[in-house]
file data27.txt (compact mmCIF, C-alpha atoms)
# COMPACT_ATOMS: atom_id res chain seq x y z
CA MET A 1 15.85 10.77 18.93
CA SER A 2 15.44 7.23 17.59
CA GLU A 3 17.40 4.41 19.20
CA TYR A 4 17.87 2.94 15.73
CA LEU A 5 19.73 3.67 12.55
CA GLN A 6 17.35 2.86 9.76
CA THR A 7 16.99 2.62 6.04
CA VAL A 8 14.28 1.54 3.64
CA PHE A 9 15.05 -1.01 0.97
CA ASP A 10 12.25 -1.99 -1.42
CA LYS A 11 9.34 -1.53 0.98
CA PHE A 12 11.17 -2.90 4.01
CA GLU A 13 12.38 -0.79 6.87
CA LEU A 14 15.68 -2.17 8.17
CA ARG A 15 16.89 -1.06 11.55
CA VAL A 16 20.15 -1.31 13.47
CA HIS A 17 19.99 -0.72 17.22
CA LYS A 18 22.50 1.99 18.12
CA GLU A 19 23.47 0.49 21.48
CA TYR A 20 24.36 -3.02 20.31
CA HIS A 21 27.54 -4.57 18.92
CA TYR A 22 27.49 -6.64 15.77
CA ALA A 23 29.25 -9.54 14.13
CA GLU A 24 29.47 -9.49 10.33
CA ASP A 25 26.92 -12.26 9.96
CA GLY A 26 24.27 -10.21 11.78
CA LEU A 27 24.38 -11.59 15.33
CA TRP A 28 24.23 -8.79 17.88
CA ALA A 29 25.51 -8.52 21.45
CA LYS A 30 24.06 -6.23 24.08
CA ILE A 31 26.09 -5.66 27.24
CA GLU A 32 23.92 -5.85 30.37
CA ALA A 33 26.09 -5.31 33.46
CA SER A 34 28.24 -8.46 33.54
CA LYS A 35 26.14 -10.40 31.05
CA VAL A 36 25.66 -10.30 27.29
CA ARG A 37 22.30 -10.72 25.57
CA VAL A 38 22.51 -12.11 22.01
CA GLY A 39 20.10 -11.92 19.10
CA VAL A 40 19.87 -11.47 15.33
CA SER A 41 19.72 -8.23 13.41
CA ASP A 42 16.74 -6.96 11.47
CA TYR A 43 18.65 -7.63 8.25
CA LEU A 44 19.34 -11.24 9.21
CA GLN A 45 15.74 -11.98 10.16
CA ARG A 46 14.46 -10.32 7.01
CA THR A 47 16.75 -12.21 4.66
CA GLY A 48 16.38 -15.47 6.57
CA GLY A 49 12.60 -15.60 6.31
CA ASP A 50 9.77 -16.55 8.65
CA VAL A 51 11.26 -18.37 11.64
CA ALA A 52 9.60 -21.71 12.38
CA PHE A 53 12.08 -23.13 14.91
CA VAL A 54 14.77 -21.78 17.19
CA GLU A 55 17.24 -24.25 18.64
CA VAL A 56 20.09 -23.19 20.90
CA ALA A 57 22.58 -25.00 23.09
CA ARG A 58 21.47 -25.87 26.61
CA GLN A 59 21.85 -23.67 29.66
CA GLY A 60 25.33 -24.16 31.07
CA SER A 61 26.92 -24.89 27.67
CA ALA A 62 30.21 -23.27 26.90
CA VAL A 63 30.39 -21.46 23.58
CA GLU A 64 33.35 -20.15 21.65
CA ARG A 65 33.37 -16.97 19.63
CA GLN A 66 32.28 -17.66 16.04
CA ALA A 67 31.29 -21.24 16.89
CA GLU A 68 27.74 -22.48 16.32
CA PHE A 69 25.51 -22.30 19.37
CA GLY A 70 22.23 -22.91 17.63
CA THR A 71 20.14 -22.69 14.48
CA LEU A 72 17.17 -20.77 13.16
CA GLU A 73 14.97 -22.84 10.91
CA THR A 74 12.92 -20.65 8.65
CA ALA A 75 10.35 -21.37 5.99
CA LYS A 76 13.04 -21.43 3.35
CA THR A 77 16.38 -22.28 4.97
CA THR A 78 18.35 -23.08 8.12
CA VAL A 79 20.52 -20.30 9.51
CA SER A 80 23.53 -21.28 11.59
CA LEU A 81 23.90 -19.09 14.68
CA LEU A 82 27.54 -18.29 15.46
CA SER A 83 28.24 -16.84 18.86
CA PRO A 84 29.56 -13.25 18.76
CA MET A 85 31.62 -13.96 21.86
CA SER A 86 32.95 -16.72 24.09
CA GLY A 87 31.21 -17.59 27.32
CA THR A 88 28.62 -19.80 28.97
CA ILE A 89 24.94 -19.83 28.14
CA GLU A 90 23.09 -18.67 31.24
CA GLN A 91 19.64 -18.50 29.78
CA ALA A 92 17.85 -19.25 26.54
CA ASN A 93 14.72 -17.35 25.50
CA GLY A 94 12.07 -19.94 26.35
CA ILE A 95 9.21 -18.05 24.69
CA LEU A 96 10.68 -18.76 21.27
CA SER A 97 9.68 -22.42 21.40
CA GLU A 98 6.03 -21.32 21.37
CA LYS A 99 6.43 -18.06 19.47
CA PRO A 100 9.43 -18.26 17.13
CA GLU A 101 7.87 -15.44 15.11
CA LEU A 102 9.11 -13.01 17.77
CA VAL A 103 12.53 -13.27 16.13
CA ASN A 104 10.97 -11.70 13.02
CA ALA A 105 8.58 -9.33 14.77
CA ASP A 106 10.96 -7.94 17.41
CA PRO A 107 14.56 -9.02 16.68
CA TYR A 108 16.13 -6.44 19.04
CA GLY A 109 13.65 -6.90 21.86
CA GLU A 110 11.46 -9.90 22.65
CA GLY A 111 13.12 -11.98 19.94
CA TRP A 112 16.46 -12.25 21.80
CA LEU A 113 18.08 -15.70 21.71
CA VAL A 114 20.38 -16.28 24.70
CA ILE A 115 22.08 -14.55 27.59
CA LEU A 116 25.78 -15.31 27.99
CA ALA A 117 28.21 -15.00 30.87
CA PRO A 118 31.15 -13.78 28.77
CA ARG A 119 34.66 -15.16 29.21
CA ASN A 120 36.73 -12.59 27.27
CA LEU A 121 34.42 -9.61 27.10
CA GLU A 122 37.00 -6.92 26.36
CA ASP A 123 38.87 -8.88 23.68
CA ASP A 124 35.72 -10.21 22.04
CA LEU A 125 34.13 -6.75 21.91
CA LYS A 126 37.08 -5.50 19.89
CA MET A 127 36.18 -8.05 17.20
CA LEU A 128 32.64 -6.69 16.86
CA MET A 129 31.37 -3.69 14.93
CA ASN A 130 29.50 -0.77 16.36
CA ALA A 131 26.09 0.18 14.97
CA ASP A 132 27.43 2.66 12.41
CA GLN A 133 29.89 0.14 11.03
CA TYR A 134 27.29 -2.63 10.81
CA PHE A 135 24.83 -0.23 9.21
CA GLU A 136 27.33 0.56 6.44
CA LEU A 137 28.00 -3.13 5.95
CA MET A 138 24.29 -3.81 5.72
CA LEU A 139 23.85 -1.12 3.06
CA LYS A 140 26.69 -2.60 1.02
CA LYS A 141 25.16 -6.08 1.28
CA LEU A 142 21.79 -4.75 0.18
CA GLU A 143 23.34 -3.17 -2.86
CA THR A 144 25.56 -6.04 -3.94
CA GLU A 145 23.91 -9.24 -2.75
CA HIS A 146 20.24 -8.61 -2.49
CA LYS A 147 18.94 -6.57 -5.35
CA LYS A 148 15.60 -7.71 -4.03
CA LEU A 149 14.67 -8.63 -0.47
CA GLU A 150 11.52 -10.39 -1.50
CA VAL A 151 11.43 -14.10 -1.94
CA ARG A 152 11.69 -15.20 -5.59
CA MET B 1 -41.62 -25.20 -3.43
CA LYS B 2 -39.12 -23.76 -0.93
CA THR B 3 -35.54 -24.60 -1.55
CA THR B 4 -33.24 -24.78 1.43
CA MET B 5 -29.84 -23.40 0.70
CA GLN B 6 -27.24 -25.94 1.73
CA LYS B 7 -24.83 -24.49 4.24
CA LYS B 8 -21.25 -24.48 3.14
CA VAL B 9 -17.99 -23.81 4.85
CA ILE B 10 -16.16 -20.85 3.34
CA VAL B 11 -12.41 -21.31 3.16
CA ILE B 12 -10.49 -18.06 2.82
CA PRO B 13 -6.74 -18.02 2.14
CA CYS B 14 -4.51 -15.03 2.63
CA SER B 15 -2.89 -15.59 -0.78
CA GLY B 16 -0.03 -13.36 0.28
CA ILE B 17 1.94 -12.58 -2.84
CA GLY B 18 5.32 -11.86 -1.25
CA LYS B 19 6.09 -15.25 0.28
CA ALA B 20 5.88 -18.91 -0.68
CA LEU B 21 3.69 -19.46 2.38
CA GLY B 22 1.01 -17.27 0.81
CA SER B 23 1.03 -19.38 -2.34
CA VAL B 24 0.77 -22.51 -0.19
CA SER B 25 -2.29 -21.07 1.58
CA ARG B 26 -3.94 -20.48 -1.78
CA GLU B 27 -3.10 -23.90 -3.15
CA ALA B 28 -4.30 -25.66 0.01
CA THR B 29 -7.59 -23.80 -0.23
CA TYR B 30 -8.11 -24.82 -3.84
CA GLU B 31 -7.31 -28.42 -2.95
CA VAL B 32 -10.10 -28.35 -0.36
CA VAL B 33 -12.79 -26.54 -2.33
CA GLU B 34 -12.11 -28.10 -5.72
CA SER B 35 -11.15 -31.59 -4.66
CA LEU B 36 -11.28 -32.85 -1.09
CA ARG B 37 -14.54 -31.23 -0.03
CA LYS B 38 -16.02 -30.11 -3.32
CA GLY B 39 -19.65 -29.14 -3.04
CA VAL B 40 -19.65 -28.40 0.68
CA THR B 41 -17.00 -25.70 0.64
CA GLU B 42 -16.42 -22.50 -1.25
CA THR B 43 -13.75 -19.85 -1.38
CA THR B 44 -13.98 -16.13 -1.84
CA CYS B 45 -11.65 -13.19 -2.28
CA LEU B 46 -10.34 -11.68 0.94
CA ALA B 47 -10.22 -8.28 -0.75
CA LEU B 48 -13.94 -8.44 -1.51
CA ILE B 49 -14.63 -9.03 2.17
CA THR B 50 -12.56 -6.03 3.16
CA SER B 51 -13.93 -3.76 0.47
CA GLY B 52 -17.42 -4.40 1.85
CA ASP B 53 -18.85 -6.24 -1.14
CA GLU B 54 -22.40 -6.98 0.01
CA GLU B 55 -22.75 -10.39 -1.53
CA THR B 56 -19.43 -11.53 -0.09
CA LEU B 57 -20.18 -10.14 3.35
CA GLN B 58 -23.51 -11.95 3.33
CA LEU B 59 -21.67 -15.17 2.44
CA VAL B 60 -19.16 -14.96 5.30
CA LYS B 61 -21.70 -13.82 7.87
CA THR B 62 -24.18 -16.59 7.18
CA ASN B 63 -21.75 -19.48 6.76
CA LYS B 64 -18.94 -20.80 8.92
CA CYS B 65 -15.55 -19.62 7.76
CA ILE B 66 -12.09 -21.11 7.95
CA THR B 67 -9.12 -18.86 7.29
CA VAL B 68 -5.84 -20.20 5.94
CA ASP B 69 -2.97 -17.81 6.57
CA GLY B 70 0.54 -18.18 5.26
CA CYS B 71 2.46 -16.59 8.10
CA PRO B 72 1.99 -15.46 11.70
CA LEU B 73 0.78 -12.03 10.59
CA GLN B 74 -2.57 -13.76 9.96
CA CYS B 75 -4.06 -11.22 7.61
CA ALA B 76 -6.96 -13.42 6.53
CA GLU B 77 -8.04 -14.09 10.10
CA LYS B 78 -7.76 -10.42 11.04
CA ASN B 79 -9.70 -9.21 8.04
CA VAL B 80 -12.49 -11.77 8.36
CA LYS B 81 -12.90 -10.94 12.06
CA LEU B 82 -12.96 -7.23 11.31
CA ALA B 83 -15.64 -7.72 8.71
CA GLY B 84 -17.82 -9.63 11.18
CA GLY B 85 -17.49 -12.97 9.41
CA GLU B 86 -18.42 -16.14 11.30
CA LEU B 87 -14.88 -17.34 11.91
CA ALA B 88 -15.00 -20.97 13.02
CA ALA B 89 -11.35 -21.98 12.63
CA SER B 90 -7.96 -20.61 11.60
CA PHE B 91 -4.99 -22.36 10.10
CA ARG B 92 -1.46 -21.13 9.48
CA VAL B 93 0.82 -22.66 6.89
CA VAL B 94 3.75 -22.02 9.22
CA ASP B 95 2.24 -24.45 11.76
CA THR B 96 2.03 -27.23 9.18
CA LEU B 97 5.61 -26.37 8.26
CA LYS B 98 6.64 -26.93 11.89
CA GLU B 99 5.15 -30.42 11.74
CA ASN B 100 7.03 -31.17 8.51
CA ARG B 101 10.46 -29.73 8.95
CA LYS B 102 12.01 -31.32 5.90
CA LEU B 103 9.79 -29.24 3.61
CA LYS B 104 11.26 -25.92 2.54
CA PRO B 105 9.05 -24.22 -0.07
CA LYS B 106 11.12 -21.68 -1.93
CA ARG B 107 9.18 -20.69 -5.03
CA VAL B 108 6.36 -18.19 -4.85
CA THR B 109 4.88 -17.82 -8.33
CA PHE B 110 4.60 -21.52 -9.10
CA LEU B 111 4.99 -23.78 -6.09
CA ASP B 112 7.87 -26.21 -6.04
CA ARG B 113 7.51 -29.82 -4.89
CA ASP B 114 7.92 -28.95 -1.22
CA GLY B 115 5.31 -26.24 -1.55
CA GLN B 116 2.87 -28.61 -3.23
CA GLU B 117 3.39 -31.22 -0.57
CA LEU B 118 2.93 -28.72 2.23
CA ALA B 119 -0.28 -27.48 0.61
CA SER B 120 -1.55 -31.02 0.31
CA LEU B 121 -0.86 -31.80 3.99
CA LEU B 122 -2.52 -28.60 5.11
CA ALA B 123 -5.50 -29.21 2.85
CA LYS B 124 -6.14 -32.54 4.60
CA GLN B 125 -6.14 -30.79 7.99
CA VAL B 126 -8.56 -28.16 6.72
CA ALA B 127 -10.80 -30.83 5.21
CA GLU B 128 -11.03 -32.61 8.57
CA LYS B 129 -12.05 -29.37 10.21
CA VAL B 130 -14.69 -28.85 7.52
CA ASP B 131 -16.16 -32.24 8.41
CA GLU B 132 -16.32 -31.28 12.09
CA LEU B 133 -18.00 -27.99 11.33
CA LEU B 134 -20.58 -29.54 9.05
CA LYS B 135 -21.58 -32.00 11.76
CA GLU B 136 -22.30 -29.21 14.23
CA MET C 1 27.21 6.06 1.76
CA VAL C 2 25.87 3.59 -0.77
CA ASP C 3 23.64 5.14 -3.38
CA LEU C 4 20.41 3.13 -3.41
CA PRO C 5 17.86 3.57 -6.23
CA GLU C 6 15.36 6.19 -5.16
CA LYS C 7 12.34 5.36 -7.19
CA LYS C 8 10.62 2.04 -7.29
CA VAL C 9 7.09 1.23 -8.33
CA GLY C 10 4.82 -0.75 -6.04
CA ILE C 11 2.59 -3.29 -7.75
CA ILE C 12 -0.56 -4.15 -5.85
CA SER C 13 -2.29 -7.23 -7.22
CA CYS C 14 -5.69 -8.51 -6.25
CA SER C 15 -4.83 -12.25 -6.27
CA GLY C 16 -8.55 -12.99 -6.21
CA GLU C 17 -9.20 -16.66 -5.57
CA ALA C 18 -12.72 -16.69 -6.92
CA CYS C 19 -11.90 -16.45 -10.60
CA VAL C 20 -9.19 -17.28 -13.10
CA GLU C 21 -8.51 -13.59 -13.72
CA GLY C 22 -7.38 -13.25 -10.11
CA THR C 23 -4.79 -15.96 -10.67
CA ILE C 24 -3.71 -14.31 -13.92
CA SER C 25 -3.34 -11.02 -12.05
CA ARG C 26 -1.16 -12.70 -9.43
CA VAL C 27 1.04 -14.54 -11.91
CA ALA C 28 1.45 -11.48 -14.13
CA THR C 29 2.52 -9.38 -11.14
CA ARG C 30 5.04 -12.00 -10.04
CA LEU C 31 6.48 -12.21 -13.55
CA VAL C 32 7.09 -8.47 -13.51
CA LEU C 33 8.71 -8.68 -10.09
CA GLU C 34 10.89 -11.69 -10.87
CA LYS C 35 11.78 -11.33 -14.52
CA LEU C 36 10.71 -8.20 -16.36
CA ARG C 37 11.43 -5.38 -13.92
CA PRO C 38 13.03 -6.94 -10.80
CA GLU C 39 15.03 -3.89 -9.78
CA GLU C 40 12.34 -1.33 -10.44
CA THR C 41 9.41 -2.93 -8.63
CA VAL C 42 8.20 -4.23 -5.31
CA THR C 43 4.98 -6.07 -4.61
CA ILE C 44 2.61 -4.80 -2.01
CA CYS C 45 0.90 -7.73 -0.34
CA LEU C 46 -2.79 -6.81 -0.53
CA PRO C 47 -3.98 -8.84 2.49
CA LEU C 48 -1.23 -7.29 4.62
CA PHE C 49 -2.06 -3.89 3.19
CA LEU C 50 -5.71 -4.36 4.09
CA ALA C 51 -4.84 -5.62 7.57
CA GLY C 52 -2.88 -2.43 8.25
CA GLY C 53 0.65 -3.46 7.27
CA LYS C 54 2.80 -0.41 8.09
CA GLU C 55 5.46 -0.96 5.48
CA GLU C 56 2.95 -1.70 2.72
CA ARG C 57 0.87 1.40 3.41
CA ALA C 58 3.87 3.66 3.91
CA PHE C 59 5.37 2.56 0.62
CA ALA C 60 2.11 3.10 -1.26
CA LYS C 61 1.84 6.60 0.22
CA CYS C 62 5.32 7.70 -0.76
CA TYR C 63 6.01 5.83 -3.98
CA PRO C 64 4.07 5.43 -7.21
CA THR C 65 1.87 2.33 -7.44
CA ILE C 66 0.21 0.31 -10.14
CA THR C 67 -2.83 -1.73 -9.21
CA VAL C 68 -3.61 -4.96 -11.04
CA ASP C 69 -7.13 -6.25 -10.56
CA GLY C 70 -8.68 -9.42 -11.87
CA CYS C 71 -12.14 -7.98 -12.38
CA GLU C 72 -14.15 -4.79 -12.55
CA LYS C 73 -14.69 -4.75 -8.78
CA GLN C 74 -11.11 -3.42 -8.60
CA CYS C 75 -10.45 -4.27 -4.97
CA ALA C 76 -6.73 -3.44 -5.19
CA LYS C 77 -7.41 -0.02 -6.68
CA ILE C 78 -10.11 0.83 -4.14
CA ALA C 79 -7.97 -0.28 -1.20
CA THR C 80 -4.96 1.68 -2.43
CA GLU C 81 -7.00 4.85 -2.83
CA ARG C 82 -8.61 4.35 0.55
CA TYR C 83 -5.52 3.58 2.62
CA SER C 84 -2.68 5.27 0.83
CA ALA C 85 -2.92 7.31 -2.33
CA LYS C 86 -4.36 7.20 -5.82
CA PRO C 87 -2.37 4.71 -7.91
CA ALA C 88 -0.35 6.06 -10.81
CA SER C 89 -1.94 3.47 -13.05
CA SER C 90 -4.59 0.74 -12.83
CA ILE C 91 -4.96 -2.38 -14.91
CA VAL C 92 -7.95 -4.71 -14.99
CA ILE C 93 -7.22 -8.16 -16.34
CA THR C 94 -10.74 -8.68 -17.72
CA ASP C 95 -10.08 -5.68 -19.99
CA LEU C 96 -7.13 -7.57 -21.46
CA THR C 97 -8.77 -10.96 -21.62
CA ARG C 98 -11.95 -10.41 -23.54
CA ASN C 99 -11.58 -13.84 -25.01
CA PRO C 100 -13.79 -16.85 -24.27
CA GLY C 101 -10.74 -19.11 -24.23
CA CYS C 102 -9.61 -17.65 -20.94
CA SER C 103 -12.68 -18.68 -19.00
CA ARG C 104 -12.05 -22.34 -19.73
CA SER C 105 -8.83 -22.33 -17.73
CA GLY C 106 -8.98 -23.47 -14.14
CA ARG C 107 -8.32 -20.74 -11.59
CA ARG C 108 -5.99 -23.01 -9.66
CA LYS C 109 -3.59 -23.91 -12.43
CA LEU C 110 -3.49 -21.77 -15.52
CA ASP C 111 -3.64 -23.61 -18.81
CA SER C 112 -1.29 -22.59 -21.63
CA HIS C 113 -3.76 -20.05 -23.00
CA ALA C 114 -4.28 -18.35 -19.67
CA LEU C 115 -0.55 -18.45 -18.99
CA ALA C 116 0.07 -16.68 -22.29
CA LEU C 117 -2.45 -14.05 -21.19
CA ALA C 118 -0.60 -13.68 -17.90
CA GLU C 119 2.63 -13.10 -19.81
CA LYS C 120 0.91 -10.56 -22.03
CA ALA C 121 -0.48 -8.82 -18.96
CA ALA C 122 3.00 -8.82 -17.42
CA GLU C 123 4.38 -7.07 -20.50
CA ARG C 124 1.65 -4.48 -20.22
CA ILE C 125 2.39 -3.93 -16.52
CA ALA C 126 6.11 -3.61 -17.30
CA LYS C 127 5.36 -0.88 -19.87
CA GLU C 128 3.27 0.94 -17.29
CA VAL C 129 6.19 0.68 -14.84
CA ASP C 130 8.49 2.28 -17.42
CA GLN C 131 6.03 5.10 -18.06
CA VAL C 132 5.51 5.76 -14.38
CA LEU C 133 9.24 5.86 -13.73
CA ASP C 134 9.86 8.12 -16.73
CA HIS C 135 7.27 10.50 -15.37
CA TRP C 136 8.88 10.49 -11.93
CA ARG C 137 12.50 10.89 -12.98
call {"tool": "encode", "arguments": {"input": "data27.txt", "output": "structure tokens"}}
result
Amino acid sequence: MSEYLQTVFDKFELRVHKEYHYAEDGLWAKIEASKVRVGVSDYLQRTGGDVAFVEVARQGSAVERQAEFGTLETAKTTVSLLSPMSGTIEQANGILSEKPELVNADPYGEGWLVILAPRNLEDDLKMLMNADQYFELMLKKLETEHKKLEVR
Amino acid sequence: MKTTMQKKVIVIPCSGIGKALGSVSREATYEVVESLRKGVTETTCLALITSGDEETLQLVKTNKCITVDGCPLQCAEKNVKLAGGELAASFRVVDTLKENRKLKPKRVTFLDRDGQELASLLAKQVAEKVDELLKE
Amino acid sequence: MVDLPEKKVGIISCSGEACVEGTISRVATRLVLEKLRPEETVTICLPLFLAGGKEERAFAKCYPTITVDGCEKQCAKIATERYSAKPASSIVITDLTRNPGCSRSGRRKLDSHALALAEKAAERIAKEVDQVLDHWR
């Protein structure tokens, strides 16, 4: 059984990890014991473009839910990264400074962005979608906003 | 009278059609072979290399090659290596982009100003490498 | 569940750098993708296809494709047949451009004549797309 929900749009396979929680803008949160790992969804990396730079707030920084904690600079735009929950940044993914392409190649795995120590885990989780809900949202966005996923 | 064939450096872009970076790779290559290092460089079709075209394979096996890839997938580099070409250097448009963060090429079919500028900057880097390789 | 269009046509263009027809092939394909049939087509990136791109090869196996080659060597057609499936249709630009005017254009930047040929080629590709889709529906 696959750990992903998936669809194909144009020629692109778009996946949603079943175990993660999602904000509407495509940031995901994965609960790991008392910590939360954060990254971007397949849909977000695909529509954002080839990542050239990843910048996130320093270790020890406090972040608020839905406040910017970093940016992804891609070949075509800059994507603001809004934290899916409140907490403190415990670790940033250091590999991304050398290999930002991991965000595109493996958005749910090696392309993770930060690990948070959450402050309001229970309340913040209620504000996130589960995989099925995000998957439906993604399908709607594909249909209405992105007739084509390829760069024009 | 024997004629010695002058060695050239073969510059091979990925020319990826789906992204602006592919168009930049193509434009940078043309800038090198038609302008900056005309006469000592040549380009050829990546597809001809992969399809096993004899003349093209002979060209890339007997001359030093530089690949110019748009993105980190590096299709040109992979394909030239697979074909046994003499790969001397590889460039990625995305690396030049990292050095010039203000440039955001958006158009694919016909490059916009940022795309043209990025191609021009990359072409200069490739041209310098050509000079190094020709000295060897 | 959102109802996404089932059938799209993949266009695989050669993009050959060595000659002006390769550039015409590329531009014509992009015109189809961007303007003439944006919702009915996708491009298959030939270098990625050749390098083993999963999505490109999977698409070309399951969906109808049209190959657009600059010259008679037909690299796009050969690669598609080798790695995926026989294309539904194949176009060779030199068949459409049997006109000495074309060869005067630079391969880097198409002159107005070559651009007009690219537009004509794009129209031809678009018609092929319609025929392929009609056949599949």
call {"tool": "interface_residues", "arguments": {"input": "data27.txt", "of": "chain C", "to": "chain B", "cutoff": "9 Å", "atoms": "only C-alpha atoms", "output": "tab-separated table (two decimals) with C-alpha atoms, keeping the file's coordinate frame"}}
result
chain	number	residue	atom	x	y	z
C	13	SER	CA	-2.29	-7.23	-7.22
C	14	CYS	CA	-5.69	-8.51	-6.25
C	15	SER	CA	-4.83	-12.25	-6.27
C	16	GLY	CA	-8.55	-12.99	-6.21
C	17	GLU	CA	-9.20	-16.66	-5.57
C	18	ALA	CA	-12.72	-16.69	-6.92
C	19	CYS	CA	-11.90	-16.45	-10.60
C	22	GLY	CA	-7.38	-13.25	-10.11
C	26	ARG	CA	-1.16	-12.70	-9.43
C	27	VAL	CA	1.04	-14.54	-11.91
C	29	THR	CA	2.52	-9.38	-11.14
C	30	ARG	CA	5.04	-12.00	-10.04
C	31	LEU	CA	6.48	-12.21	-13.55
C	34	GLU	CA	10.89	-11.69	-10.87
C	43	THR	CA	4.98	-6.07	-4.61
C	44	ILE	CA	2.61	-4.80	-2.01
C	45	CYS	CA	0.90	-7.73	-0.34
C	46	LEU	CA	-2.79	-6.81	-0.53
C	47	PRO	CA	-3.98	-8.84	2.49
C	48	LEU	CA	-1.23	-7.29	4.62
C	49	PHE	CA	-2.06	-3.89	3.19
C	50	LEU	CA	-5.71	-4.36	4.09
C	51	ALA	CA	-4.84	-5.62	7.57
C	52	GLY	CA	-2.88	-2.43	8.25
C	73	LYS	CA	-14.69	-4.75	-8.78
C	75	CYS	CA	-10.45	-4.27	-4.97
C	76	ALA	CA	-6.73	-3.44	-5.19
C	78	ILE	CA	-10.11	0.83	-4.14
C	79	ALA	CA	-7.97	-0.28	-1.20
C	107	ARG	CA	-8.32	-20.74	-11.59
C	108	ARG	CA	-5.99	-23.01	-9.66
call {"tool": "residues_around", "arguments": {"input": "data27.txt", "residues": "C:Val92", "least_positions_apart": "3", "cutoff": "12 Å", "atoms": "all atoms listed in the file", "output": "count of residues only"}}
result
32
call {"tool": "residues_near_point", "arguments": {"input": "data27.txt", "point": "(29.9, -6.6, 21.4)", "cutoff": "8 Å", "atoms": "only C-alpha atoms", "output": "PDB file with C-alpha atoms, in the coordinates of the input"}}
result
ATOM      1  CA  TYR A  20      24.360  -3.020  20.310  1.00  0.00           C
ATOM      2  CA  HIS A  21      27.540  -4.570  18.920  1.00  0.00           C
ATOM      3  CA  TYR A  22      27.490  -6.640  15.770  1.00  0.00           C
ATOM      4  CA  ALA A  23      29.250  -9.540  14.130  1.00  0.00           C
ATOM      5  CA  TRP A  28      24.230  -8.790  17.880  1.00  0.00           C
ATOM      6  CA  ALA A  29      25.510  -8.520  21.450  1.00  0.00           C
ATOM      7  CA  LYS A  30      24.060  -6.230  24.080  1.00  0.00           C
ATOM      8  CA  ILE A  31      26.090  -5.660  27.240  1.00  0.00           C
ATOM      9  CA  PRO A  84      29.560 -13.250  18.760  1.00  0.00           C
ATOM     10  CA  MET A  85      31.620 -13.960  21.860  1.00  0.00           C
ATOM     11  CA  LEU A 121      34.420  -9.610  27.100  1.00  0.00           C
ATOM     12  CA  ASP A 124      35.720 -10.210  22.040  1.00  0.00           C
ATOM     13  CA  LEU A 125      34.130  -6.750  21.910  1.00  0.00           C
ATOM     14  CA  LYS A 126      37.080  -5.500  19.890  1.00  0.00           C
ATOM     15  CA  MET A 127      36.180  -8.050  17.200  1.00  0.00           C
ATOM     16  CA  LEU A 128      32.640  -6.690  16.860  1.00  0.00           C
ATOM     17  CA  MET A 129      31.370  -3.690  14.930  1.00  0.00           C
ATOM     18  CA  ASN A 130      29.500  -0.770  16.360  1.00  0.00           C
TER      19      ASN A 130
END
call {"tool": "interface_residues", "arguments": {"input": "data27.txt", "of": "chain A", "to": "chain B", "cutoff": "10 Å", "atoms": "all atoms listed in the file", "output": "tab-separated table (two decimals) with C-alpha atoms, in the frame of the given file"}}
result
chain	number	residue	atom	x	y	z
A	49	GLY	CA	12.60	-15.60	6.31
A	50	ASP	CA	9.77	-16.55	8.65
A	51	VAL	CA	11.26	-18.37	11.64
A	52	ALA	CA	9.60	-21.71	12.38
A	53	PHE	CA	12.08	-23.13	14.91
A	73	GLU	CA	14.97	-22.84	10.91
A	74	THR	CA	12.92	-20.65	8.65
A	75	ALA	CA	10.35	-21.37	5.99
A	76	LYS	CA	13.04	-21.43	3.35
A	77	THR	CA	16.38	-22.28	4.97
A	78	THR	CA	18.35	-23.08	8.12
A	99	LYS	CA	6.43	-18.06	19.47
A	100	PRO	CA	9.43	-18.26	17.13
A	101	GLU	CA	7.87	-15.44	15.11
A	102	LEU	CA	9.11	-13.01	17.77
A	104	ASN	CA	10.97	-11.70	13.02
A	105	ALA	CA	8.58	-9.33	14.77
A	149	LEU	CA	14.67	-8.63	-0.47
A	150	GLU	CA	11.52	-10.39	-1.50
A	151	VAL	CA	11.43	-14.10	-1.94
A	152	ARG	CA	11.69	-15.20	-5.59
call {"tool": "interface_residues", "arguments": {"input": "data27.txt", "of": "chain C", "to": "chain A", "cutoff": "12 Å", "atoms": "only C-alpha atoms", "output": "number ranges by chain"}}
result
C: 1-11, 30-35, 37-45, 49, 53-65
call {"tool": "closest_residue", "arguments": {"input": "data27.txt", "among": "C:Thr94, C:Ser112, C:Ala88, C:Glu119", "to": "C:His135", "atoms": "only C-alpha atoms"}}
result
C:Ala88
call {"tool": "residues_around", "arguments": {"input": "data27.txt", "residues": "A:Ile89", "least_positions_apart": "3", "cutoff": "7 Å", "atoms": "only C-alpha atoms", "output": "PyMOL selection string"}}
result
chain A and resi 59-62+114-117
call {"tool": "atom_distance", "arguments": {"input": "data27.txt", "atom1": "atom CA of A:Glu90", "atom2": "atom CA of A:Tyr4"}}
result
27.1 Å
call {"tool": "axis_aligned_box", "arguments": {"input": "data27.txt", "around": "stretch 124-131 of chain C", "padding_each_side": "5 Å", "output": "AutoDock Vina command-line options"}}
result
--center_x 5.1 --center_y 0.3 --center_z -17.5 --size_x 16.8 --size_y 19.6 --size_z 15.4
